[in-house]
>>> print(open('query.txt').read())   # compact mmCIF, C-alpha atoms and all ligand atoms
# COMPACT_ATOMS: atom_id res chain seq x y z
CA MET C 252 17.49 -0.60 50.45
CA ARG C 253 20.98 -0.91 51.98
CA LEU C 254 23.51 1.59 50.69
CA ASP C 255 26.05 -1.10 49.68
CA LYS C 256 23.41 -3.01 47.68
CA PHE C 257 22.29 0.16 45.94
CA LEU C 258 25.89 0.93 44.98
CA CYS C 259 26.33 -2.59 43.52
CA ASP C 260 23.08 -2.43 41.60
CA CYS C 261 24.08 0.87 39.99
CA SER C 262 27.62 -0.16 39.06
CA ASP C 263 29.96 -3.05 38.29
CA LEU C 264 31.15 -3.16 41.92
CA THR C 265 30.95 -6.29 44.04
CA ARG C 266 29.30 -6.06 47.46
CA THR C 267 32.75 -6.27 49.12
CA MET C 268 34.18 -3.46 46.99
CA ALA C 269 31.07 -1.33 47.59
CA GLY C 270 31.37 -1.87 51.38
CA LYS C 271 35.03 -0.90 51.31
CA LEU C 272 34.41 2.31 49.35
CA ILE C 273 31.58 3.28 51.68
CA ARG C 274 33.73 2.68 54.80
CA GLN C 275 36.49 4.78 53.17
CA GLY C 276 34.05 7.69 53.04
CA GLU C 277 33.75 7.79 49.23
CA VAL C 278 29.95 7.76 49.14
CA LEU C 279 27.66 10.66 49.96
CA VAL C 280 23.95 10.50 50.75
CA ASP C 281 22.23 13.87 50.30
CA GLY C 282 25.64 15.55 50.39
CA VAL C 283 26.76 13.88 53.65
CA VAL C 284 29.48 11.21 53.82
CA ILE C 285 27.98 7.93 55.08
CA LYS C 286 30.42 5.25 56.22
CA GLN C 287 27.95 2.49 57.14
CA PRO C 288 27.36 -0.04 54.30
CA ALA C 289 24.07 -1.08 55.99
CA PHE C 290 22.75 2.50 56.02
CA HIS C 291 19.19 2.51 54.66
CA ILE C 292 18.26 4.72 51.74
CA ASN C 293 14.96 5.31 49.93
CA GLU C 294 13.99 6.71 46.48
CA GLN C 295 14.13 10.29 47.77
CA ASN C 296 17.81 10.07 48.79
CA GLU C 297 20.49 11.28 46.38
CA VAL C 298 23.52 8.98 46.40
CA GLU C 299 26.79 10.32 45.02
CA PHE C 300 29.94 8.35 44.25
CA ASP C 301 33.02 9.53 42.38
CA GLY C 302 31.33 12.86 41.63
CA VAL C 303 28.35 11.18 39.94
CA VAL C 304 24.77 10.94 41.23
CA LEU C 305 23.77 7.30 40.91
CA THR C 306 20.44 6.07 39.61
CA LEU C 307 19.11 2.55 39.34
CA THR C 308 18.34 1.23 35.89
CA PRO C 309 14.68 0.26 36.17
CA GLY C 310 13.90 -3.32 35.14
CA HIS C 311 15.90 -5.39 32.67
CA ARG C 312 17.58 -4.15 29.52
CA TYR C 313 17.21 -5.67 26.04
CA PHE C 314 19.03 -4.64 22.84
CA MET C 315 19.51 -5.76 19.26
CA LEU C 316 22.90 -5.07 17.70
CA HIS C 317 24.00 -5.26 14.08
CA LYS C 318 27.30 -7.04 14.70
CA PRO C 319 30.12 -6.17 12.29
CA GLN C 320 32.99 -8.55 11.53
CA GLY C 321 35.95 -8.53 13.91
CA TYR C 322 34.05 -8.27 17.20
CA VAL C 323 33.84 -11.08 19.75
CA CYS C 324 30.55 -12.03 21.41
CA SER C 325 31.91 -12.24 24.94
CA ASN C 326 32.34 -9.87 27.86
CA ASP C 327 36.11 -10.03 27.76
CA ASP C 328 38.71 -11.04 25.17
CA PRO C 329 42.48 -10.59 25.17
CA ASP C 330 42.84 -10.38 21.37
CA HIS C 331 39.79 -8.68 19.85
CA PRO C 332 37.30 -5.94 20.69
CA THR C 333 34.07 -7.30 22.15
CA VAL C 334 30.57 -6.33 21.00
CA PHE C 335 30.27 -4.40 24.28
CA PHE C 336 32.73 -1.83 22.84
CA LEU C 337 29.87 -0.88 20.52
CA LEU C 338 27.39 -0.14 23.33
CA ASP C 339 27.13 3.16 25.13
CA GLU C 340 25.32 1.86 28.21
CA PRO C 341 25.97 2.00 31.96
CA SER C 342 27.30 -1.15 33.66
CA PRO C 343 28.04 -3.13 30.46
CA ALA C 344 29.51 -5.95 32.59
CA LYS C 345 25.98 -6.74 33.76
CA LEU C 346 24.90 -7.48 30.16
CA HIS C 347 25.47 -10.67 28.20
CA VAL C 348 25.10 -11.86 24.61
CA VAL C 349 22.17 -14.18 23.86
CA GLY C 350 23.55 -16.81 21.47
CA ARG C 351 27.02 -15.96 20.19
CA LEU C 352 28.17 -15.34 16.65
CA ASP C 353 31.69 -16.10 15.41
CA LEU C 354 34.26 -13.31 15.05
CA ASP C 355 33.72 -13.16 11.27
CA THR C 356 29.91 -13.55 11.33
CA THR C 357 27.78 -10.42 11.00
CA GLY C 358 24.16 -9.65 11.80
CA LEU C 359 21.61 -9.88 14.56
CA VAL C 360 22.93 -10.18 18.11
CA LEU C 361 20.66 -9.92 21.15
CA ILE C 362 22.04 -8.50 24.37
CA THR C 363 20.36 -8.41 27.76
CA ASP C 364 20.81 -8.67 31.52
CA ASP C 365 17.76 -10.94 31.86
CA GLY C 366 19.05 -14.49 32.31
CA GLN C 367 15.61 -16.11 32.17
CA TRP C 368 14.78 -14.38 28.90
CA SER C 369 18.06 -15.41 27.28
CA HIS C 370 17.46 -18.97 28.45
CA ARG C 371 14.12 -18.96 26.63
CA VAL C 372 15.84 -17.78 23.43
CA THR C 373 18.77 -20.21 23.53
CA SER C 374 17.49 -23.31 25.31
CA PRO C 375 17.32 -26.25 22.84
CA ARG C 376 13.95 -27.16 24.40
CA HIS C 377 12.39 -23.99 22.96
CA GLU C 378 13.74 -24.70 19.43
CA CYS C 379 13.94 -21.02 18.59
CA ALA C 380 14.59 -20.61 14.84
CA LYS C 381 17.71 -18.76 13.66
CA THR C 382 18.00 -17.68 10.04
CA TYR C 383 21.32 -17.04 8.29
CA HIS C 384 22.29 -15.69 4.91
CA VAL C 385 25.18 -17.86 3.75
CA TRP C 386 27.80 -17.33 1.03
CA LEU C 387 29.73 -20.41 -0.06
CA ALA C 388 33.05 -21.16 -1.74
CA ASP C 389 31.56 -23.74 -4.11
CA PRO C 390 28.22 -24.23 -5.88
CA ILE C 391 25.56 -25.76 -3.62
CA ALA C 392 25.12 -29.45 -4.44
CA PRO C 393 21.53 -30.32 -5.47
CA GLU C 394 20.99 -32.78 -2.60
CA THR C 395 22.02 -30.30 0.14
CA ALA C 396 18.51 -29.07 1.02
CA GLU C 397 17.27 -32.64 1.40
CA LEU C 398 20.25 -33.67 3.55
CA PHE C 399 19.77 -30.64 5.83
CA ALA C 400 16.01 -31.30 6.06
CA GLU C 401 16.72 -34.88 7.18
CA GLY C 402 19.45 -33.81 9.60
CA ILE C 403 23.14 -34.59 9.17
CA LEU C 404 25.80 -35.91 11.45
CA LEU C 405 28.47 -33.33 12.25
CA ARG C 406 32.03 -34.31 13.15
CA SER C 407 32.41 -35.28 16.81
CA GLU C 408 28.63 -35.22 17.44
CA ARG C 409 26.54 -38.19 18.53
CA ASP C 410 23.17 -37.02 17.20
CA LYS C 411 22.14 -35.67 13.84
CA THR C 412 21.28 -31.97 13.50
CA ARG C 413 17.60 -31.10 13.80
CA PRO C 414 15.75 -30.62 10.50
CA ALA C 415 16.91 -27.37 8.90
CA LYS C 416 15.45 -25.45 5.98
CA LEU C 417 17.72 -24.46 3.10
CA GLU C 418 16.49 -21.95 0.55
CA VAL C 419 18.90 -21.68 -2.38
CA LEU C 420 19.28 -18.05 -3.47
CA GLY C 421 22.02 -18.47 -6.07
CA GLU C 422 24.75 -20.86 -7.17
CA CYS C 423 26.84 -20.13 -4.06
CA GLU C 424 24.31 -18.33 -1.85
CA ALA C 425 21.54 -19.58 0.42
CA ARG C 426 19.30 -18.82 3.39
CA LEU C 427 19.46 -21.45 6.15
CA THR C 428 17.11 -21.76 9.12
CA ILE C 429 18.21 -23.94 12.02
CA HIS C 430 16.52 -24.66 15.35
CA GLU C 431 19.52 -25.27 17.58
CA GLY C 432 22.83 -23.59 18.24
CA LYS C 433 25.70 -26.06 18.16
CA TYR C 434 29.22 -24.63 18.07
CA HIS C 435 29.97 -23.24 14.54
CA GLN C 436 26.85 -25.07 13.41
CA VAL C 437 26.28 -23.49 10.00
CA LYS C 438 29.94 -23.74 8.99
CA ARG C 439 30.09 -27.36 10.14
CA MET C 440 26.88 -28.28 8.31
CA PHE C 441 28.26 -27.04 5.01
CA ALA C 442 31.65 -28.62 5.75
CA ALA C 443 29.81 -31.92 6.26
CA VAL C 444 28.54 -31.73 2.67
CA GLY C 445 31.95 -30.77 1.27
CA ASN C 446 31.44 -27.02 0.93
CA LYS C 447 32.91 -24.01 2.78
CA VAL C 448 31.17 -20.98 4.26
CA ILE C 449 32.94 -17.78 3.19
CA GLY C 450 30.34 -15.33 4.51
CA LEU C 451 27.70 -15.60 7.23
CA HIS C 452 25.09 -13.09 8.34
CA ARG C 453 22.33 -13.73 10.91
CA GLU C 454 19.09 -12.16 9.70
CA GLN C 455 16.54 -13.40 12.24
CA VAL C 456 16.10 -15.02 15.66
CA GLY C 457 12.60 -16.35 16.32
CA ASP C 458 10.25 -13.69 14.92
CA LEU C 459 12.78 -10.96 15.46
CA VAL C 460 14.33 -9.65 12.22
CA LEU C 461 17.46 -7.48 12.23
CA ASP C 462 16.27 -3.88 11.92
CA GLU C 463 17.41 -2.71 8.49
CA ALA C 464 17.80 0.84 9.85
CA LEU C 465 20.77 -0.38 11.90
CA ALA C 466 24.12 -0.07 10.11
CA PRO C 467 26.90 -2.49 11.15
CA GLY C 468 27.98 -1.52 14.67
CA GLU C 469 24.67 0.19 15.54
CA TYR C 470 22.15 -1.03 18.10
CA ARG C 471 18.77 -0.18 19.57
CA GLU C 472 16.56 -1.18 22.48
CA LEU C 473 13.98 -3.89 21.83
CA THR C 474 10.34 -2.83 22.02
CA ALA C 475 8.03 -4.33 24.66
CA GLU C 476 6.39 -6.38 21.89
CA GLU C 477 9.73 -7.76 20.68
CA ILE C 478 10.73 -8.72 24.23
CA ALA C 479 7.40 -10.45 24.81
CA ALA C 480 7.73 -12.45 21.57
CA PHE C 481 10.07 -14.93 23.29
N1 LIG Y 501 26.96 -20.94 12.82
C1 LIG Y 501 28.28 -20.69 12.62
O1 LIG Y 501 28.99 -21.53 12.08
N2 LIG Y 501 28.78 -19.52 13.03
C2 LIG Y 501 28.03 -18.54 13.60
O2 LIG Y 501 28.54 -17.47 13.92
C3 LIG Y 501 26.66 -18.81 13.80
C4 LIG Y 501 26.17 -20.02 13.40
>>> encode(input="query.txt", output="structure tokens", more="lines below")
Ligand code: URA
Amino acid sequence: MRLDKFLCDCSDLTRTMAGKLIRQGEVLVDGVVIKQPAFHINEQNEVEFDGVVLTLTPGHRYFMLHKPQGYVCSNDDPDHPTVFFLLDEPSPAKLHVVGRLDLDTTGLVLITDDGQWSHRVTSPRHECAKTYHVWLADPIAPETAELFAEGILLRSERDKTRPAKLEVLGECEARLTIHEGKYHQVKRMFAAVGNKVIGLHREQVGDLVLDEALAPGEYRELTAEEIAAF
């Protein structure tokens, strides 16, 4: 593999930046400065940059995070900490969130660097189920489950929502399973029936349930079985 490509793959550097740093003599291969970006290295070579020996992360990375309130599901935000502040992983800029949650929503967030996998989880074609625990400002009207099962028209949408399952857990508390991911969907569904979501927690995506051993802010790698489930 070319030295500049190796440097990019191990870091957040672009190919141009990697080439520049190599030409400046900032990269060592087996203790010797190499200034040619096209220099070929193999697995036996030790590449050092900025005093650190670089290693490639083998394969893709997959995590589940218990998102607390107050964190944004994006790679960069001017006003709030992002969920990536909670990860202690190399090259966080290479990771992305699979299906965002709002700033005030808590619960299961999937994070990966595998674009094809995240497409399978989020693509409307795959109809992956997402289950939320919902707390409401007002008592749930008796016809709500039926309306959600039939699909309802949200403001500024052309089509009705796909059939969703509402399980009433208490006067102002429910579990809702939806099969799509429109913007603020759960909040808008309850707004459409005259109620207001005051608490929202994602419990499950597909067959994957939030690990109850994870406290808010904690995360873990997915197992091979969990990755293969999508
Ligand atoms: N629906 C919402 O309204 N908000 C979320 O964070 C997730 C689903």
>>> closest_residue(input="query.txt", among="C:Lys345, C:His331, C:Lys256, C:Arg351", to="ligand LIG 501 (chain Y)", atoms="all atoms listed in the file")
C:Arg351
>>> closest_residue(input="query.txt", among="C:Pro288, C:Pro319, C:Gly310, C:Gly350", to="ligand LIG 501 (chain Y)", atoms="only C-alpha atoms and all ligand atoms")
C:Gly350
>>> residues_around(input="query.txt", residues="range 363-369 of chain C", least_positions_apart="5", cutoff="6 Å", atoms="all atoms listed in the file", output="PyMOL selection string")
chain C and resi 311-313+345-347+349
>>> atom_distance(input="query.txt", atom1="CA of Tyr322 in chain C", atom2="CA of Val456 in chain C")
19.2 Å
>>> residues_near_ligand(input="query.txt", ligand="ligand LIG 501 (chain Y)", cutoff="12 Å", atoms="all atoms listed in the file", output="ChimeraX atom specification")
/C:318-324,349-360,380-386,405,427-443,447-456
>>> residues_near_point(input="query.txt", point="(20.0, -3.5, 13.9)", cutoff="6 Å", atoms="only C-alpha atoms", output="ChimeraX atom specification")
/C:315-317,461-462,465,470
>>> atom_distance(input="query.txt", atom1="CA of Gln295 in chain C", atom2="CA of Val280 in chain C")
10.3 Å
>>> closest_residue(input="query.txt", among="C:Asp255, C:Asp330, C:Glu408, C:Asp263", to="Ser342 in chain C", atoms="only C-alpha atoms")
C:Asp263
>>> residues_around(input="query.txt", residues="Ile478 in chain C", least_positions_apart="2", cutoff="10 Å", atoms="only C-alpha atoms", output="list in words")
Arg312, Tyr313, Phe314, Trp368, Leu459, Glu472, Leu473, Thr474, Ala475, Glu476, Ala480 and Phe481 of chain C
>>> atom_distance(input="query.txt", atom1="CA of Val298 in chain C", atom2="CA of Ile362 in chain C")
28.2 Å
>>> residues_around(input="query.txt", residues="Leu420 in chain C", least_positions_apart="2", cutoff="10 Å", atoms="all atoms listed in the file", output="ChimeraX atom specification")
/C:384-386,391,417-418,422-426
>>> decode(input="query.txt", residues="range 404-447 of chain C", atoms="N, CA and C atoms", output="mmCIF file, in the first residue's frame")
data_model
loop_
_atom_site.group_PDB
_atom_site.id
_atom_site.type_symbol
_atom_site.label_atom_id
_atom_site.label_comp_id
_atom_site.auth_asym_id
_atom_site.auth_seq_id
_atom_site.Cartn_x
_atom_site.Cartn_y
_atom_site.Cartn_z
ATOM 1 N N LEU C 404 -51.863 11.594 8.452
ATOM 2 C CA LEU C 404 -51.186 12.589 7.622
ATOM 3 C C LEU C 404 -50.511 13.618 8.529
ATOM 4 N N LEU C 405 -49.199 13.740 8.388
ATOM 5 C CA LEU C 405 -48.472 14.733 9.177
ATOM 6 C C LEU C 405 -48.435 16.047 8.418
ATOM 7 N N ARG C 406 -48.294 17.143 9.172
ATOM 8 C CA ARG C 406 -48.218 18.473 8.520
ATOM 9 C C ARG C 406 -47.101 18.500 7.498
ATOM 10 N N SER C 407 -47.363 19.108 6.383
ATOM 11 C CA SER C 407 -46.455 19.273 5.240
ATOM 12 C C SER C 407 -45.931 17.959 4.656
ATOM 13 N N GLU C 408 -46.711 16.877 4.804
ATOM 14 C CA GLU C 408 -46.383 15.597 4.139
ATOM 15 C C GLU C 408 -47.473 15.289 3.132
ATOM 16 N N ARG C 409 -47.091 14.576 2.073
ATOM 17 C CA ARG C 409 -48.066 14.217 1.038
ATOM 18 C C ARG C 409 -48.746 12.885 1.348
ATOM 19 N N ASP C 410 -47.918 11.950 1.910
ATOM 20 C CA ASP C 410 -48.448 10.605 2.173
ATOM 21 C C ASP C 410 -48.648 10.386 3.669
ATOM 22 N N LYS C 411 -49.570 9.491 3.960
ATOM 23 C CA LYS C 411 -49.799 9.111 5.357
ATOM 24 C C LYS C 411 -48.595 8.356 5.900
ATOM 25 N N THR C 412 -48.441 8.330 7.215
ATOM 26 C CA THR C 412 -47.387 7.516 7.835
ATOM 27 C C THR C 412 -47.709 6.029 7.610
ATOM 28 N N ARG C 413 -46.690 5.217 7.631
ATOM 29 C CA ARG C 413 -46.929 3.765 7.517
ATOM 30 C C ARG C 413 -47.600 3.284 8.805
ATOM 31 N N PRO C 414 -48.317 2.158 8.736
ATOM 32 C CA PRO C 414 -48.976 1.646 9.946
ATOM 33 C C PRO C 414 -47.985 1.524 11.105
ATOM 34 N N ALA C 415 -48.392 2.061 12.251
ATOM 35 C CA ALA C 415 -47.527 2.033 13.436
ATOM 36 C C ALA C 415 -48.294 1.380 14.582
ATOM 37 N N LYS C 416 -47.547 0.751 15.489
ATOM 38 C CA LYS C 416 -48.207 0.034 16.586
ATOM 39 C C LYS C 416 -48.063 0.815 17.886
ATOM 40 N N LEU C 417 -49.191 1.149 18.491
ATOM 41 C CA LEU C 417 -49.164 1.876 19.766
ATOM 42 C C LEU C 417 -49.628 0.949 20.877
ATOM 43 N N GLU C 418 -48.794 0.828 21.890
ATOM 44 C CA GLU C 418 -49.141 0.017 23.060
ATOM 45 C C GLU C 418 -49.256 1.001 24.224
ATOM 46 N N VAL C 419 -50.462 1.149 24.761
ATOM 47 C CA VAL C 419 -50.648 2.127 25.836
ATOM 48 C C VAL C 419 -50.155 1.525 27.154
ATOM 49 N N LEU C 420 -49.255 2.239 27.834
ATOM 50 C CA LEU C 420 -48.654 1.713 29.068
ATOM 51 C C LEU C 420 -49.233 2.396 30.306
ATOM 52 N N GLY C 421 -49.843 3.532 30.098
ATOM 53 C CA GLY C 421 -50.414 4.306 31.206
ATOM 54 C C GLY C 421 -51.195 5.451 30.611
ATOM 55 N N GLU C 422 -51.783 6.280 31.484
ATOM 56 C CA GLU C 422 -52.623 7.374 30.975
ATOM 57 C C GLU C 422 -51.847 8.277 29.999
ATOM 58 N N CYS C 423 -50.599 8.558 30.333
ATOM 59 C CA CYS C 423 -49.790 9.481 29.517
ATOM 60 C C CYS C 423 -48.488 8.813 29.061
ATOM 61 N N GLU C 424 -48.486 7.517 28.873
ATOM 62 C CA GLU C 424 -47.251 6.792 28.583
ATOM 63 C C GLU C 424 -47.552 5.660 27.606
ATOM 64 N N ALA C 425 -46.685 5.494 26.603
ATOM 65 C CA ALA C 425 -46.949 4.472 25.596
ATOM 66 C C ALA C 425 -45.652 3.964 24.985
ATOM 67 N N ARG C 426 -45.767 2.832 24.283
ATOM 68 C CA ARG C 426 -44.650 2.325 23.479
ATOM 69 C C ARG C 426 -45.127 2.375 22.021
ATOM 70 N N LEU C 427 -44.328 3.019 21.166
ATOM 71 C CA LEU C 427 -44.731 3.185 19.761
ATOM 72 C C LEU C 427 -43.680 2.571 18.855
ATOM 73 N N THR C 428 -44.137 1.731 17.922
ATOM 74 C CA THR C 428 -43.215 1.138 16.938
ATOM 75 C C THR C 428 -43.573 1.672 15.563
ATOM 76 N N ILE C 429 -42.572 2.285 14.926
ATOM 77 C CA ILE C 429 -42.770 2.831 13.573
ATOM 78 C C ILE C 429 -41.797 2.143 12.619
ATOM 79 N N HIS C 430 -42.090 2.231 11.328
ATOM 80 C CA HIS C 430 -41.259 1.537 10.331
ATOM 81 C C HIS C 430 -40.670 2.493 9.319
ATOM 82 N N GLU C 431 -40.535 3.733 9.707
ATOM 83 C CA GLU C 431 -39.909 4.730 8.829
ATOM 84 C C GLU C 431 -39.259 5.768 9.741
ATOM 85 N N GLY C 432 -38.611 6.739 9.170
ATOM 86 C CA GLY C 432 -37.884 7.687 10.018
ATOM 87 C C GLY C 432 -37.997 9.106 9.512
ATOM 88 N N LYS C 433 -39.263 9.580 9.420
ATOM 89 C CA LYS C 433 -39.453 10.971 8.993
ATOM 90 C C LYS C 433 -38.936 11.895 10.090
ATOM 91 N N TYR C 434 -38.624 13.114 9.706
ATOM 92 C CA TYR C 434 -38.094 14.125 10.618
ATOM 93 C C TYR C 434 -39.048 14.323 11.812
ATOM 94 N N HIS C 435 -38.552 14.199 13.029
ATOM 95 C CA HIS C 435 -39.346 14.360 14.264
ATOM 96 C C HIS C 435 -40.625 13.521 14.221
ATOM 97 N N GLN C 436 -40.542 12.319 13.662
ATOM 98 C CA GLN C 436 -41.777 11.591 13.357
ATOM 99 C C GLN C 436 -42.684 11.345 14.574
ATOM 100 N N VAL C 437 -42.100 10.871 15.665
ATOM 101 C CA VAL C 437 -42.948 10.510 16.807
ATOM 102 C C VAL C 437 -43.622 11.762 17.378
ATOM 103 N N LYS C 438 -42.856 12.820 17.505
ATOM 104 C CA LYS C 438 -43.421 14.069 18.055
ATOM 105 C C LYS C 438 -44.525 14.596 17.142
ATOM 106 N N ARG C 439 -44.295 14.487 15.840
ATOM 107 C CA ARG C 439 -45.302 15.000 14.890
ATOM 108 C C ARG C 439 -46.547 14.114 14.863
ATOM 109 N N MET C 440 -46.365 12.811 15.065
ATOM 110 C CA MET C 440 -47.541 11.923 15.079
ATOM 111 C C MET C 440 -48.449 12.272 16.258
ATOM 112 N N PHE C 441 -47.832 12.489 17.425
ATOM 113 C CA PHE C 441 -48.680 12.821 18.576
ATOM 114 C C PHE C 441 -49.246 14.239 18.446
ATOM 115 N N ALA C 442 -48.472 15.145 17.835
ATOM 116 C CA ALA C 442 -48.999 16.501 17.614
ATOM 117 C C ALA C 442 -50.223 16.433 16.694
ATOM 118 N N ALA C 443 -50.184 15.513 15.733
ATOM 119 C CA ALA C 443 -51.290 15.387 14.773
ATOM 120 C C ALA C 443 -52.585 14.920 15.441
ATOM 121 N N VAL C 444 -52.453 14.278 16.627
ATOM 122 C CA VAL C 444 -53.677 13.870 17.336
ATOM 123 C C VAL C 444 -53.908 14.750 18.580
ATOM 124 N N GLY C 445 -53.270 15.917 18.573
ATOM 125 C CA GLY C 445 -53.547 16.925 19.604
ATOM 126 C C GLY C 445 -52.836 16.698 20.929
ATOM 127 N N ASN C 446 -51.796 15.890 20.937
ATOM 128 C CA ASN C 446 -51.062 15.663 22.186
ATOM 129 C C ASN C 446 -49.641 16.221 22.042
ATOM 130 N N LYS C 447 -48.815 16.078 23.084
ATOM 131 C CA LYS C 447 -47.453 16.623 23.021
ATOM 132 C C LYS C 447 -46.493 15.657 23.714
#
